[in-house]
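What follows is a short report on a single structure.
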Amino acid sequence: MPLSDQRKESMYRYARENLKRIPLDVQKEKYEEIKAAATAAAMPVNSYIKQAIDEKMQRDSQPT
């Protein structure tokens, strides 16, 4: 079922107000590695990268 124009505008407005894009360039070979790992974890690549960032930030914020 196609999205209505009102629904599309609502989604775009939400994105403009609440999201920030982070460009990320990786070599094709590295992307294939990331994609394979995400697939093995049954996750989309975007979610896999976000989770990896969250885990790294959490580890870095813990006192040693």
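Each chain in the structure tokens gets a letter, A, B, ..., in the order shown, and its residues are numbered from 1; ligands are numbered from 1 in order too.
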
Query raised in the report: Which residues come within 12 Å of segment 36-46 of chain A, counting only C-alpha atoms, excluding same-chain residues fewer than 5 positions away, as a ChimeraX atom specification?
Result: /A:21-24,29-31,51-53

Please produce an output containing N, CA, C and O atoms for each residue in the selection, written as a PDB file, in the first residue's frame.
ATOM      1  N   ARG A  21      22.173  12.853   9.831  1.00  0.00           N
ATOM      2  CA  ARG A  21      22.869  11.876   8.993  1.00  0.00           C
ATOM      3  C   ARG A  21      24.366  11.966   9.255  1.00  0.00           C
ATOM      4  O   ARG A  21      24.914  13.043   9.427  1.00  0.00           O
ATOM      5  N   ILE A  22      25.006  10.806   9.271  1.00  0.00           N
ATOM      6  CA  ILE A  22      26.452  10.726   9.433  1.00  0.00           C
ATOM      7  C   ILE A  22      26.995   9.984   8.219  1.00  0.00           C
ATOM      8  O   ILE A  22      26.840   8.760   8.123  1.00  0.00           O
ATOM      9  N   PRO A  23      27.614  10.697   7.293  1.00  0.00           N
ATOM     10  CA  PRO A  23      28.183  10.009   6.130  1.00  0.00           C
ATOM     11  C   PRO A  23      29.303   9.075   6.579  1.00  0.00           C
ATOM     12  O   PRO A  23      30.103   9.406   7.452  1.00  0.00           O
ATOM     13  N   LEU A  24      29.349   7.900   6.022  1.00  0.00           N
ATOM     14  CA  LEU A  24      30.364   6.917   6.378  1.00  0.00           C
ATOM     15  C   LEU A  24      30.832   6.233   5.104  1.00  0.00           C
ATOM     16  O   LEU A  24      30.061   5.520   4.454  1.00  0.00           O
ATOM     17  N   GLU A  29      35.220  -3.825   0.127  1.00  0.00           N
ATOM     18  CA  GLU A  29      35.525  -5.085   0.800  1.00  0.00           C
ATOM     19  C   GLU A  29      35.111  -5.020   2.276  1.00  0.00           C
ATOM     20  O   GLU A  29      34.580  -5.975   2.832  1.00  0.00           O
ATOM     21  N   LYS A  30      35.371  -3.872   2.913  1.00  0.00           N
ATOM     22  CA  LYS A  30      35.007  -3.708   4.319  1.00  0.00           C
ATOM     23  C   LYS A  30      33.488  -3.711   4.468  1.00  0.00           C
ATOM     24  O   LYS A  30      32.956  -4.286   5.416  1.00  0.00           O
ATOM     25  N   TYR A  31      32.784  -3.077   3.537  1.00  0.00           N
ATOM     26  CA  TYR A  31      31.316  -3.080   3.592  1.00  0.00           C
ATOM     27  C   TYR A  31      30.795  -4.506   3.512  1.00  0.00           C
ATOM     28  O   TYR A  31      29.866  -4.868   4.241  1.00  0.00           O
ATOM     29  N   GLN A  51      24.574  -0.335  16.805  1.00  0.00           N
ATOM     30  CA  GLN A  51      24.809  -1.140  18.002  1.00  0.00           C
ATOM     31  C   GLN A  51      26.302  -1.191  18.320  1.00  0.00           C
ATOM     32  O   GLN A  51      26.698  -1.091  19.481  1.00  0.00           O
ATOM     33  N   ALA A  52      27.133  -1.346  17.298  1.00  0.00           N
ATOM     34  CA  ALA A  52      28.583  -1.389  17.508  1.00  0.00           C
ATOM     35  C   ALA A  52      29.074  -0.069  18.113  1.00  0.00           C
ATOM     36  O   ALA A  52      29.902  -0.068  19.030  1.00  0.00           O
ATOM     37  N   ILE A  53      28.555   1.045  17.626  1.00  0.00           N
ATOM     38  CA  ILE A  53      28.935   2.348  18.159  1.00  0.00           C
ATOM     39  C   ILE A  53      28.500   2.466  19.619  1.00  0.00           C
ATOM     40  O   ILE A  53      29.275   2.899  20.482  1.00  0.00           O
TER      41      ILE A  53
END

Query raised in the report: Taking the backbone alone, and naming residues the way the document does, which bits of chain A are helix (DSSP H, G or I) by DSSP, as a PyMOL selection string?
Result: chain A and resi 5-18+28-40+45-61

Keeping only C-alpha atoms, take the residues you just selected and write them out as a short mmCIF file (atom, residue, chain, number, x, y, z; two decimals), in the first residue's frame.
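Output saved as out.cif:
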data_model
loop_
_atom_site.label_atom_id
_atom_site.label_comp_id
_atom_site.auth_asym_id
_atom_site.auth_seq_id
_atom_site.Cartn_x
_atom_site.Cartn_y
_atom_site.Cartn_z
CA ASP A 5 1.40 12.44 0.81
CA GLN A 6 0.45 13.45 4.35
CA ARG A 7 2.24 10.42 5.81
CA LYS A 8 5.35 11.10 3.70
CA GLU A 9 5.45 14.73 4.84
CA SER A 10 5.09 13.61 8.44
CA MET A 11 8.02 11.22 8.06
CA TYR A 12 10.19 13.89 6.40
CA ARG A 13 9.32 16.43 9.10
CA TYR A 14 10.24 13.95 11.83
CA ALA A 15 13.57 13.21 10.11
CA ARG A 16 14.40 16.91 9.69
CA GLU A 17 13.66 17.66 13.34
CA ASN A 18 15.05 14.55 15.04
CA LYS A 28 33.74 -2.10 -0.72
CA GLU A 29 35.53 -5.08 0.80
CA LYS A 30 35.01 -3.71 4.32
CA TYR A 31 31.32 -3.08 3.59
CA GLU A 32 30.92 -6.70 2.51
CA GLU A 33 32.49 -7.81 5.82
CA ILE A 34 30.14 -5.55 7.79
CA LYS A 35 27.15 -6.73 5.76
CA ALA A 36 28.04 -10.40 6.34
CA ALA A 37 28.40 -9.81 10.09
CA ALA A 38 25.07 -7.95 10.19
CA THR A 39 23.37 -10.73 8.26
CA ALA A 40 24.81 -13.32 10.64
CA VAL A 45 23.59 -3.00 8.38
CA ASN A 46 22.44 0.34 9.79
CA SER A 47 21.29 -1.22 13.06
CA TYR A 48 24.45 -3.31 13.30
CA ILE A 49 26.66 -0.22 12.97
CA LYS A 50 24.59 1.73 15.50
CA GLN A 51 24.81 -1.14 18.00
CA ALA A 52 28.58 -1.39 17.51
CA ILE A 53 28.94 2.35 18.16
CA ASP A 54 26.75 2.14 21.30
CA GLU A 55 28.79 -0.79 22.64
CA LYS A 56 32.09 1.02 21.99
CA MET A 57 30.86 4.18 23.68
CA GLN A 58 29.67 2.18 26.68
CA ARG A 59 33.03 0.39 27.00
CA ASP A 60 34.94 3.65 26.68
CA SER A 61 32.87 5.36 29.38
#
